[in-house]
Structure formats: C-alpha cells, structure tokens
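Novice: My structure is below; once you've seen it, I'll send some questions.
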Amino acid sequence: MDSALSDPHNASAQTSSPANGTTRPPSTPEGIALAYGSLLLMALLPIFFGALRSVRCARGKSSSDMPETITSRDAARFPIIASCTLLGLYLFFKIFSQEYINLLLSVYFFVLGILALSHTISPFMNKFFPANFPNRQYQLLFTQGSGENKEEIINYEFDTKDLVCLGLSSVVGVWYLLRKHWIANNLFGLAFSLNGVELLHLNNVSTGCILLGGLFIYDIFWVFGTNVMVTVAKSFEAPIKLVFPQDLLEKGLEADNFAMLGLGDIVIPGIFIALLLRFDISLKKNTHTYFYTSFAAYIFGLGLTIFIMHIFKHAQPALLYLVPACIGFPVLVALVKGEVAEMFSYEESNPKDPATGTESKEETTEASASKRLEKKEK
C-alpha cells in the first residue's frame, strides 16, 4: 500500500515503511478492515469510560483526583502553544540526533505511562483485592515557604493498593521501554486518553467550541499546509498514538504494517463529549441525549475520516471531520428541543461548596445519574 504517515497528535493514517528496504506486500482487505475497526473501537473505549469517570472526578474530594479546568482563555491559546511545540520538535529533530532525543522521550513517557496506567486500572483492580488486604494510606506532600506563606506544590494521596497497581504498570513500562511493542504502546495510549478525558474539564460549551474550532484550523494547516507534522510523526517515538497492524492475520503479534490514530483525535473531542454528559446530568431529566448524540457523532466523524483516508491514500486531519460532527450534531438536537440557551449557559461549578465543604444536591443528583447510566450500559 502507499506509504503515509499521520501526526501522532491529531491525524489518522496508515503507515508502511519496510524495515529491510524491500517492497512490502499489500495488506489484505480483511487485515485493513480489522485494523480500522480495532482503531475505532479503541478510540471509543477511553471516551465512553473517561466521560463516566469525569462525572465522579468532578465530585471528587481527593486533591489527587481533582480535574484540571480549561477556560476560554486556555482554549484560545492552546492551538498557538501546540503549534509552537510542534515546530520546536521539528527543529529539534533537524538540529540534534534523533536517537538521543527519542531516548529522552522514551524515559519521559515511560514514567508518565506507568503513572497513567496505574491510575486507569486502579478502580478495576480494587475489586480483586480481598476484604482483609492490609491497605495503608500514604500522602506525598511537597510545600514551599513556611507559616502563612506555605504553599502546596504536590499533594498526592495513595494507598497500598495503588502501589500494587503501580508495580503491575511498571511491568508494561519495562516491556515498552525494551521492545517498543505495539500492544504496550496501545496500553499506554489508552491510559493517556482515558486520563485526559477524565481529568481535563471544559468549563462550558462555548469554551469547547473555541478549543475544537482552534484545533480544527491547526490540524488542517499542519497536515495539508506543511511537511512539519509528517516529519515529526516519522521521527517521534512515543506512545502518543494508537496503532494496529494491518498484517496481523499474516504475521501475528510480530506484524509491522500499522494503521494509526493520534491521541489528540480521541482526547480533544472526548473532553467535549464528557462535558455534554455532565450537562445532560445537570438537566435532571434522567436522559443522556446530548452525550449519546455526540458519541454517535464521533463514530460518524471518525468513520468518515478513515473512509476518506483509505480512498485517497493520504494522511487526513481527523479533526476536519470530527469537529463539525461533534459540535454540529448536539447543537442541532438542542435547536430541535429548544435548549440552546441552556446548553450555552451551562457553567461547571466547584464540586464542593467552598463555605461548607459539603456536597450539593446537584452533586448527589449527578452521582445517582452516573450510576444509572453505568448500570444501563452493563
């Protein structure tokens, strides 16, 4: 197949660069369909479960689980920061040795990947610990200054169960560091995506539109307008993309002809979809219309991206198709239901009353609604 590469942050494409310089036999239609279908499924999982976990995260009392809120100012600056970072990486790879840069990046993402994967699997692993498991609480606290001027830099609470999860995640980390295997890459990629959707919160729908609109332009420019994104994608070795081999049926787990999807094409629409789930819950109508609508819109947009990329055999800026779908579909539903004003006036507040430190009635409603949604899906 024709060789094409995507931006590991924000594009979808297929890669085929023979390791020995020989011509690679074309992938079978079955292998291609399996690869694309697997990428689509892997993209949906962190969005769906990350959105559910974002509801609990918004109500969290632990400082280690508090979300990072993105304001309209942050959203407006994000495409500029992303462009500067991308261009900086491009210049680094042009000036310095690619081998040493990727070594530093491997160590960096090794540490981040272990922490992200540990945080991801912790809720699932807790179900397997026996009731008499000796679980001790720990707190990692770094402060700056003294007395009234003391300021917290890091305040992370964890327990023995978290340490067990950290140990299991370290095994995957060593596997990735030594082999760079695509399964280890995907485990880290899924963990990064789920954590991003869970912990990055848009404060309102307008901020989401600003963020997605800015990255819509960013994606188109850097994919179609220059070779910067393709160059960085070829040089960058890090688990910031999901990959799946198109020749898996022929070569098994050692397959090496990959289709790939950047994590930005998951996290950026995902945090908007998670916001719409929390908006659904705030309406207190026991429905999740906007969440399901945006979720279906994401499937449509990513499916269209894959289809066009496959037809034209060229890397596609996935946000070109995802942004109009993920914004347009929910807004259209809001127009039909007459809830546009409610949608754009929705503003997320702190999960706890600053005066009392207690949970609000709205928080309790969100908790029960989230549980009902989880039970319904199970």
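Going by the structure tokens order, chains are called A, B, ..., each with residues numbered from 1, while ligands are numbered from 1 in the order shown.
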Would you please extract all strand (DSSP E or B) residues from range 16-219 of chain A, as assigned by DSSP on the backbone, and give them as a ChimeraX atom specification?
Specialist: /A:68-70,137-144,151-159,200-202,204
Novice: Just list as an NGL selection string whatever in range 84-159 of chain A DSSP marks as alpha helix (DSSP H).
Specialist: :A and (84-95 or 98-125)
Novice: Would you pick out the contacts of range 327-335 of chain A at 8 Å or less, using only C-alpha atoms, so that residues sharing its chain but fewer than 2 positions from it are not included, and give the list as number ranges by chain?
Specialist: A: 209, 290, 293-294, 297, 323-325, 337-340, 343
Novice: If we count only C-alpha atoms and set the cut-off at 12 Å, which residues sit around Phe78 in chain A, ignoring sequence neighbours fewer than 5 positions away in its own chain? Please answer as a VMD selection string.
Specialist: chain A and resid 70 to 73 83 to 85 207 to 208 210 to 218 268
Novice: Could you save those same residues with N, CA and C atoms as a PDB file, in the first residue's frame?
Specialist:
```pdb
ATOM      1  N   ILE A  70     -10.309  23.768  31.945  1.00  0.00           N
ATOM      2  CA  ILE A  70      -9.856  24.554  30.798  1.00  0.00           C
ATOM      3  C   ILE A  70     -10.822  25.719  30.606  1.00  0.00           C
ATOM      4  N   THR A  71     -10.315  26.929  30.680  1.00  0.00           N
ATOM      5  CA  THR A  71     -11.137  28.120  30.475  1.00  0.00           C
ATOM      6  C   THR A  71     -11.091  28.551  29.008  1.00  0.00           C
ATOM      7  N   SER A  72     -11.909  29.535  28.666  1.00  0.00           N
ATOM      8  CA  SER A  72     -11.923  30.023  27.284  1.00  0.00           C
ATOM      9  C   SER A  72     -10.576  30.623  26.897  1.00  0.00           C
ATOM     10  N   ARG A  73      -9.903  31.241  27.864  1.00  0.00           N
ATOM     11  CA  ARG A  73      -8.576  31.805  27.590  1.00  0.00           C
ATOM     12  C   ARG A  73      -7.575  30.691  27.285  1.00  0.00           C
ATOM     13  N   SER A  83       1.121  24.605  18.245  1.00  0.00           N
ATOM     14  CA  SER A  83       1.889  24.894  17.032  1.00  0.00           C
ATOM     15  C   SER A  83       3.349  25.172  17.362  1.00  0.00           C
ATOM     16  N   CYS A  84       3.589  25.937  18.415  1.00  0.00           N
ATOM     17  CA  CYS A  84       4.967  26.222  18.826  1.00  0.00           C
ATOM     18  C   CYS A  84       5.682  24.941  19.261  1.00  0.00           C
ATOM     19  N   THR A  85       4.973  24.072  19.974  1.00  0.00           N
ATOM     20  CA  THR A  85       5.562  22.811  20.408  1.00  0.00           C
ATOM     21  C   THR A  85       5.904  21.939  19.211  1.00  0.00           C
ATOM     22  N   THR A 207     -16.437  27.320  25.598  1.00  0.00           N
ATOM     23  CA  THR A 207     -15.004  27.024  25.667  1.00  0.00           C
ATOM     24  C   THR A 207     -14.675  25.814  24.802  1.00  0.00           C
ATOM     25  N   GLY A 208     -15.545  24.808  24.833  1.00  0.00           N
ATOM     26  CA  GLY A 208     -15.338  23.631  23.993  1.00  0.00           C
ATOM     27  C   GLY A 208     -15.348  23.976  22.514  1.00  0.00           C
ATOM     28  N   ILE A 210     -14.560  26.891  21.211  1.00  0.00           N
ATOM     29  CA  ILE A 210     -13.333  27.646  20.935  1.00  0.00           C
ATOM     30  C   ILE A 210     -12.157  26.694  20.767  1.00  0.00           C
ATOM     31  N   LEU A 211     -12.049  25.724  21.681  1.00  0.00           N
ATOM     32  CA  LEU A 211     -10.942  24.772  21.628  1.00  0.00           C
ATOM     33  C   LEU A 211     -10.987  23.927  20.364  1.00  0.00           C
ATOM     34  N   LEU A 212     -12.146  23.333  20.087  1.00  0.00           N
ATOM     35  CA  LEU A 212     -12.267  22.483  18.909  1.00  0.00           C
ATOM     36  C   LEU A 212     -12.114  23.281  17.620  1.00  0.00           C
ATOM     37  N   GLY A 213     -12.658  24.499  17.598  1.00  0.00           N
ATOM     38  CA  GLY A 213     -12.529  25.331  16.405  1.00  0.00           C
ATOM     39  C   GLY A 213     -11.089  25.717  16.130  1.00  0.00           C
ATOM     40  N   GLY A 214     -10.342  26.065  17.187  1.00  0.00           N
ATOM     41  CA  GLY A 214      -8.940  26.426  17.008  1.00  0.00           C
ATOM     42  C   GLY A 214      -8.104  25.256  16.533  1.00  0.00           C
ATOM     43  N   LEU A 215      -8.332  24.087  17.120  1.00  0.00           N
ATOM     44  CA  LEU A 215      -7.575  22.908  16.709  1.00  0.00           C
ATOM     45  C   LEU A 215      -8.023  22.386  15.349  1.00  0.00           C
ATOM     46  N   PHE A 216      -9.234  22.702  14.949  1.00  0.00           N
ATOM     47  CA  PHE A 216      -9.718  22.390  13.604  1.00  0.00           C
ATOM     48  C   PHE A 216      -8.813  23.074  12.564  1.00  0.00           C
ATOM     49  N   ILE A 217      -8.542  24.366  12.780  1.00  0.00           N
ATOM     50  CA  ILE A 217      -7.673  25.120  11.877  1.00  0.00           C
ATOM     51  C   ILE A 217      -6.226  24.636  11.991  1.00  0.00           C
ATOM     52  N   TYR A 218      -5.775  24.405  13.226  1.00  0.00           N
ATOM     53  CA  TYR A 218      -4.417  23.911  13.472  1.00  0.00           C
ATOM     54  C   TYR A 218      -4.159  22.602  12.725  1.00  0.00           C
ATOM     55  N   ILE A 268      -9.305  15.346  22.528  1.00  0.00           N
ATOM     56  CA  ILE A 268      -9.922  16.654  22.277  1.00  0.00           C
ATOM     57  C   ILE A 268     -11.441  16.536  22.088  1.00  0.00           C
TER      58      ILE A 268
END
```
Novice: Could you state the separation of CA of Val205 in chain A and CA of Gly301 in chain A in Å, given to one decimal place?
Specialist: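 We find that CA of Val205 in chain A and CA of Gly301 in chain A lie 19.2 Å from each other.
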Novice: Give me the residues within 12 Å of range 93-95 of chain A as a ChimeraX atom specification, counting only C-alpha atoms and dropping any in the same chain fewer than 2 places off.
Specialist: /A:86-91,97-102,228-229,231-237
Novice: Which range 170-193 of chain A residues have any atom within 8 Å of an atom of range 244-265 of chain A, and for each, what is the nearest pair of atoms with distance in Å to one decimal, counting only C-alpha atoms, rows sorted by chain and number, as a Markdown table?
Specialist:
```
| residue | atom | partner | partner_atom | distance |
| --- | --- | --- | --- | --- |
| A:Trp182 | CA | A:Phe244 | CA | 7.3 |
| A:Gly189 | CA | A:Leu263 | CA | 7.0 |
| A:Phe192 | CA | A:Leu263 | CA | 8.0 |
| A:Ser193 | CA | A:Leu263 | CA | 6.3 |
```
Novice: Determine, counting only C-alpha atoms, which protein, DNA and RNA residues have an atom within 10 Å of an atom of Gly303 in chain A; residues of the same chain fewer than 6 positions away are not included. Present the result as an MDAnalysis selection string.
Specialist: chainID A and resid 36:37 40 297 309 318 321:322
Novice: Got a sec: who's within 9 Å of range 45-49 of chain A, counting only C-alpha atoms, leaving out chain neighbours fewer than 3 positions off, as a list in words?
Specialist: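 Counting only the stated atoms, we get Leu40, Leu41, Met42, Leu52, Arg53, Ser54, Leu190, Ala191, Phe192, Ser193, Leu194, Asn195, Gly196, Val197, Glu198, Ile266, Val267, Pro269, Gly270, Ile271, Ile273, Ala274 and Phe295 of chain A.
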Novice: Quick check, in Å to one decimal: how far apart do CA of Leu117 in chain A and CA of Leu275 in chain A lie?
Specialist: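 We find that CA of Leu117 in chain A and CA of Leu275 in chain A lie 22.9 Å from each other.
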Novice: Under the rule that only C-alpha atoms are counted, which of A:Cys326, A:Leu302, A:Leu277, A:Ile121 is the nearest residue to Arg56 in chain A?
Specialist: A:Leu277
Novice: How many Å separate CA of Leu283 in chain A from CA of Glu68 in chain A?
Specialist: 23.0 Å
Novice: Using only C-alpha atoms, which of the listed residues (A:Ala341, A:Leu178, A:Ala296, A:Ile220) sits closest to Leu319 in chain A?
Specialist: A:Ile220
Novice: For His314 in chain A, which residue among A:Val230, A:Asn286, A:Gly147, A:Arg278 is the nearest when counting only C-alpha atoms?
Specialist: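 Ranked by minimum distance to His314 in chain A, first place goes to A:Val230.
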